[in-house]
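Engineer: The structure that follows is given in the form of structure tokens.
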Amino acid sequence: FRLRKPGDTRLVLTPWKNPAMEHPDSYALDVLGLILGHGRTSRLHRALVETGLATEADAANETARDPFLVIALATVAPDRQLAEVEAAIQDPVARLRRDPVWGAELRRAKKQVEAGFLYSKDSIQSLSHQLGYYETIASWRYLEAYPDRIRAVTAEDVRRAAETYLVEETRTVGWFDPPEPGAAATPAPTGGAA
């Protein structure tokens, strides 16, 4: 879909359906999300930002009680086309589906996922918020098991999760494409919002 509203940034959003948080694949998808799009060493950063296609790129596995989304997002560089950024997102995704992630990249991603999880509980307020949140979504015991389950994720788990979930059949692509300054915005369709 293409959304044309006033704004100053063009975006390409690519979400895929994922399983519910308690599904065993959610741990591999958390690691996959970090490898795909978190930080300067991520595959999307190298494919999009370092090549000048985008100014920012990010990805994450967003989980909930019910199936939700693995999301990749890129801020399109001013002189580039949305279609070329959309196409460029697919290359690192295809490689994740095809080839296992090995060595330092996998170890670094698992350590970063675990560290982010542990730092998110660094105060009594944060911990109480997480206890309440996870109890409503799954169980507060999820907090106890999470680090060990992330440590157990293998390269093949990540590849298999990518092959299972990052597929065309569950992918949606959205473009946020603001009109040029002074151009009239496309009116919303009758009966709904654009």
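Starting from 1 in every chain, residues are counted up; chains themselves are A, B, ... following the order of the structure tokens, and ligands are numbered from 1 as listed.
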Could you give me, as JSON, numbers by chain, the residues within 6 Å of A:Val70, counting only C-alpha atoms and dropping anything in the same chain fewer than 6 positions from it?

Structural biologist: {"A": [15, 16, 60, 61, 62]}

Engineer: When you count only C-alpha atoms, which of these residues is closest to A:Arg10: A:Thr75, A:Thr170, A:Ser128, A:Gln90?

Structural biologist: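 Smallest distance to A:Arg10 is found for A:Thr75.
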
Engineer: From the options A:Val167, A:Ile137, A:Ala162, A:Leu29, which residue's atoms come nearest to A:Arg97, counting only C-alpha atoms?

Structural biologist: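 Among A:Val167, A:Ile137, A:Ala162, A:Leu29, it is A:Ala162 that comes nearest to A:Arg97.
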
Engineer: Enumerate, in order of chain and increasing residue number, the residues of stretch 57-163 of chain A with an atom no farther than 7 Å from stretch 38-48 of chain A, each with its shortest atom pair and distance in Å to one decimal, counting only C-alpha atoms, as JSON lines.

Structural biologist:
```
{"residue": "A:Ala57", "atom": "CA", "partner": "A:His45", "partner_atom": "CA", "distance": 5.6}
{"residue": "A:Asp58", "atom": "CA", "partner": "A:His38", "partner_atom": "CA", "distance": 5.6}
{"residue": "A:Ala59", "atom": "CA", "partner": "A:His38", "partner_atom": "CA", "distance": 6.3}
{"residue": "A:Ala88", "atom": "CA", "partner": "A:Ala47", "partner_atom": "CA", "distance": 6.9}
{"residue": "A:Ile89", "atom": "CA", "partner": "A:Leu44", "partner_atom": "CA", "distance": 6.8}
{"residue": "A:Pro92", "atom": "CA", "partner": "A:Arg43", "partner_atom": "CA", "distance": 6.1}
```

Engineer: For the selection you just gave me, I'd like the residues written to a file as a CSV table (one decimal), in the first residue's frame, keeping N, CA and C atoms.

Structural biologist:
```
chain,number,residue,atom,x,y,z
A,57,ALA,N,17.8,2.3,8.8
A,57,ALA,CA,17.2,1.0,8.6
A,57,ALA,C,17.1,0.2,9.9
A,58,ASP,N,16.0,-0.4,10.2
A,58,ASP,CA,15.9,-1.1,11.4
A,58,ASP,C,14.9,-2.3,11.2
A,59,ALA,N,15.0,-3.3,12.1
A,59,ALA,CA,14.1,-4.4,12.1
A,59,ALA,C,14.0,-5.0,13.5
A,88,ALA,N,15.8,-3.7,-2.3
A,88,ALA,CA,17.0,-4.0,-1.6
A,88,ALA,C,16.8,-4.6,-0.2
A,89,ILE,N,15.7,-4.4,0.4
A,89,ILE,CA,15.4,-5.1,1.7
A,89,ILE,C,15.3,-6.6,1.5
A,92,PRO,N,19.0,-9.1,1.8
A,92,PRO,CA,19.4,-9.7,3.1
A,92,PRO,C,18.4,-10.7,3.7
```

Engineer: DSSP on the backbone, strand (DSSP E or B) only: what residues of stretch 34-180 of chain A does that give? Format it as number ranges by chain.

Structural biologist: A: 54-62, 69-76, 171, 174-176

Engineer: Would you pick out the contacts of A:Ala87 at 12 Å or less, using only C-alpha atoms, so that residues sharing its chain but fewer than 6 positions from it are not included, and give the list as a list in words?

Structural biologist: Val12, Leu13, Thr14, Leu44, Ala47, Leu48, Leu53, Ala74, Gln81, Val93, Ala94 and Val173 of chain A

Engineer: For A:Thr154, which residue out of A:Glu22, A:Glu105, A:Asp8, A:Glu180 is the nearest one, using only C-alpha atoms?

Structural biologist: A:Glu105

Engineer: Considering only C-alpha atoms, return as a list of chain:residue names whatever protein or nucleic-acid residues lie within 7 Å of stretch 25-27 of chain A, sequence-local ones (same chain, fewer than 5 positions apart) excluded.

Structural biologist: A:Pro19, A:Arg149, A:Ile150, A:Val153, A:Ala161

Engineer: Can you spit out the residues from that selection as a PDB file, in the first residue's frame, using N, CA and C atoms?

Structural biologist:
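What ended up in result_24.pdb:
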```
ATOM      1  N   PRO A  19       4.742 -15.827  14.794  1.00  0.00           N
ATOM      2  CA  PRO A  19       3.901 -16.594  15.712  1.00  0.00           C
ATOM      3  C   PRO A  19       3.719 -15.847  17.032  1.00  0.00           C
ATOM      4  N   ARG A 149      16.734 -19.508  26.765  1.00  0.00           N
ATOM      5  CA  ARG A 149      16.191 -19.858  25.452  1.00  0.00           C
ATOM      6  C   ARG A 149      16.894 -19.092  24.336  1.00  0.00           C
ATOM      7  N   ILE A 150      17.294 -17.855  24.602  1.00  0.00           N
ATOM      8  CA  ILE A 150      18.064 -17.098  23.601  1.00  0.00           C
ATOM      9  C   ILE A 150      19.440 -17.737  23.432  1.00  0.00           C
ATOM     10  N   VAL A 153      19.508 -20.674  20.977  1.00  0.00           N
ATOM     11  CA  VAL A 153      19.206 -20.482  19.558  1.00  0.00           C
ATOM     12  C   VAL A 153      20.438 -20.812  18.721  1.00  0.00           C
ATOM     13  N   ALA A 161      13.645 -20.224  10.875  1.00  0.00           N
ATOM     14  CA  ALA A 161      12.625 -19.219  11.200  1.00  0.00           C
ATOM     15  C   ALA A 161      12.454 -18.229  10.043  1.00  0.00           C
TER      16      ALA A 161
END
```

Engineer: Mind checking DSSP for stretch 95-172 of chain A and telling me the alpha helix (DSSP H) residues as number ranges by chain?

Structural biologist: A: 95-98, 103-119, 124-137, 142-151, 155-165

Engineer: Limited to C-alpha atoms, could you put the picked residues into a file as a PDB file, in the first residue's frame?

Structural biologist:
```pdb
ATOM      1  CA  ARG A  95      20.126 -14.683   2.386  1.00  0.00           C
ATOM      2  CA  LEU A  96      18.781 -15.275   5.911  1.00  0.00           C
ATOM      3  CA  ARG A  97      16.285 -17.768   4.480  1.00  0.00           C
ATOM      4  CA  ARG A  98      18.948 -19.543   2.456  1.00  0.00           C
ATOM      5  CA  GLY A 103      30.251 -17.301  14.056  1.00  0.00           C
ATOM      6  CA  ALA A 104      30.649 -13.845  15.486  1.00  0.00           C
ATOM      7  CA  GLU A 105      27.437 -12.491  13.945  1.00  0.00           C
ATOM      8  CA  LEU A 106      25.296 -15.084  15.736  1.00  0.00           C
ATOM      9  CA  ARG A 107      27.189 -14.778  19.034  1.00  0.00           C
ATOM     10  CA  ARG A 108      26.987 -10.966  18.958  1.00  0.00           C
ATOM     11  CA  ALA A 109      23.267 -10.994  18.187  1.00  0.00           C
ATOM     12  CA  LYS A 110      22.459 -13.434  20.979  1.00  0.00           C
ATOM     13  CA  LYS A 111      24.502 -11.403  23.481  1.00  0.00           C
ATOM     14  CA  GLN A 112      22.791  -8.172  22.394  1.00  0.00           C
ATOM     15  CA  VAL A 113      19.306  -9.695  22.670  1.00  0.00           C
ATOM     16  CA  GLU A 114      20.100 -11.040  26.125  1.00  0.00           C
ATOM     17  CA  ALA A 115      21.721  -7.779  27.278  1.00  0.00           C
ATOM     18  CA  GLY A 116      18.780  -5.711  26.046  1.00  0.00           C
ATOM     19  CA  PHE A 117      16.402  -8.017  27.871  1.00  0.00           C
ATOM     20  CA  LEU A 118      18.396  -7.830  31.113  1.00  0.00           C
ATOM     21  CA  TYR A 119      18.869  -4.042  30.945  1.00  0.00           C
ATOM     22  CA  ILE A 124      12.134  -1.936  40.387  1.00  0.00           C
ATOM     23  CA  GLN A 125       9.702   0.050  38.263  1.00  0.00           C
ATOM     24  CA  SER A 126      10.894  -1.595  35.033  1.00  0.00           C
ATOM     25  CA  LEU A 127      10.832  -5.042  36.586  1.00  0.00           C
ATOM     26  CA  SER A 128       7.315  -4.571  37.997  1.00  0.00           C
ATOM     27  CA  HIS A 129       6.125  -3.305  34.604  1.00  0.00           C
ATOM     28  CA  GLN A 130       7.593  -6.373  32.889  1.00  0.00           C
ATOM     29  CA  LEU A 131       6.156  -8.775  35.454  1.00  0.00           C
ATOM     30  CA  GLY A 132       2.689  -7.305  34.879  1.00  0.00           C
ATOM     31  CA  TYR A 133       3.092  -7.219  31.098  1.00  0.00           C
ATOM     32  CA  TYR A 134       4.314 -10.794  30.731  1.00  0.00           C
ATOM     33  CA  GLU A 135       1.720 -12.102  33.167  1.00  0.00           C
ATOM     34  CA  THR A 136      -1.032 -10.642  30.948  1.00  0.00           C
ATOM     35  CA  ILE A 137       0.567 -11.952  27.746  1.00  0.00           C
ATOM     36  CA  TYR A 142       8.680 -16.123  30.663  1.00  0.00           C
ATOM     37  CA  LEU A 143      11.160 -13.677  32.241  1.00  0.00           C
ATOM     38  CA  GLU A 144      13.035 -16.525  33.943  1.00  0.00           C
ATOM     39  CA  ALA A 145      13.330 -18.727  30.867  1.00  0.00           C
ATOM     40  CA  TYR A 146      14.074 -16.064  28.231  1.00  0.00           C
ATOM     41  CA  PRO A 147      17.891 -15.730  28.605  1.00  0.00           C
ATOM     42  CA  ASP A 148      18.445 -19.501  28.487  1.00  0.00           C
ATOM     43  CA  ARG A 149      16.191 -19.858  25.452  1.00  0.00           C
ATOM     44  CA  ILE A 150      18.064 -17.098  23.601  1.00  0.00           C
ATOM     45  CA  ARG A 151      21.415 -18.763  24.443  1.00  0.00           C
ATOM     46  CA  ALA A 155      22.278 -20.788  13.318  1.00  0.00           C
ATOM     47  CA  GLU A 156      19.908 -23.346  11.841  1.00  0.00           C
ATOM     48  CA  ASP A 157      17.074 -22.091  14.102  1.00  0.00           C
ATOM     49  CA  VAL A 158      17.510 -18.588  12.683  1.00  0.00           C
ATOM     50  CA  ARG A 159      17.644 -19.840   9.081  1.00  0.00           C
ATOM     51  CA  ARG A 160      14.594 -22.061   9.556  1.00  0.00           C
ATOM     52  CA  ALA A 161      12.625 -19.219  11.200  1.00  0.00           C
ATOM     53  CA  ALA A 162      13.496 -16.906   8.292  1.00  0.00           C
ATOM     54  CA  GLU A 163      12.479 -19.592   5.787  1.00  0.00           C
ATOM     55  CA  THR A 164       9.209 -20.191   7.629  1.00  0.00           C
ATOM     56  CA  TYR A 165       8.084 -16.632   8.429  1.00  0.00           C
TER      57      TYR A 165
END
```

Engineer: What is the distance between atom CA of A:Gly37 and atom CA of A:Asp66, in Å to one decimal?

Structural biologist: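 So the two atoms, atom CA of A:Gly37 and atom CA of A:Asp66, lie 22.9 Å apart.
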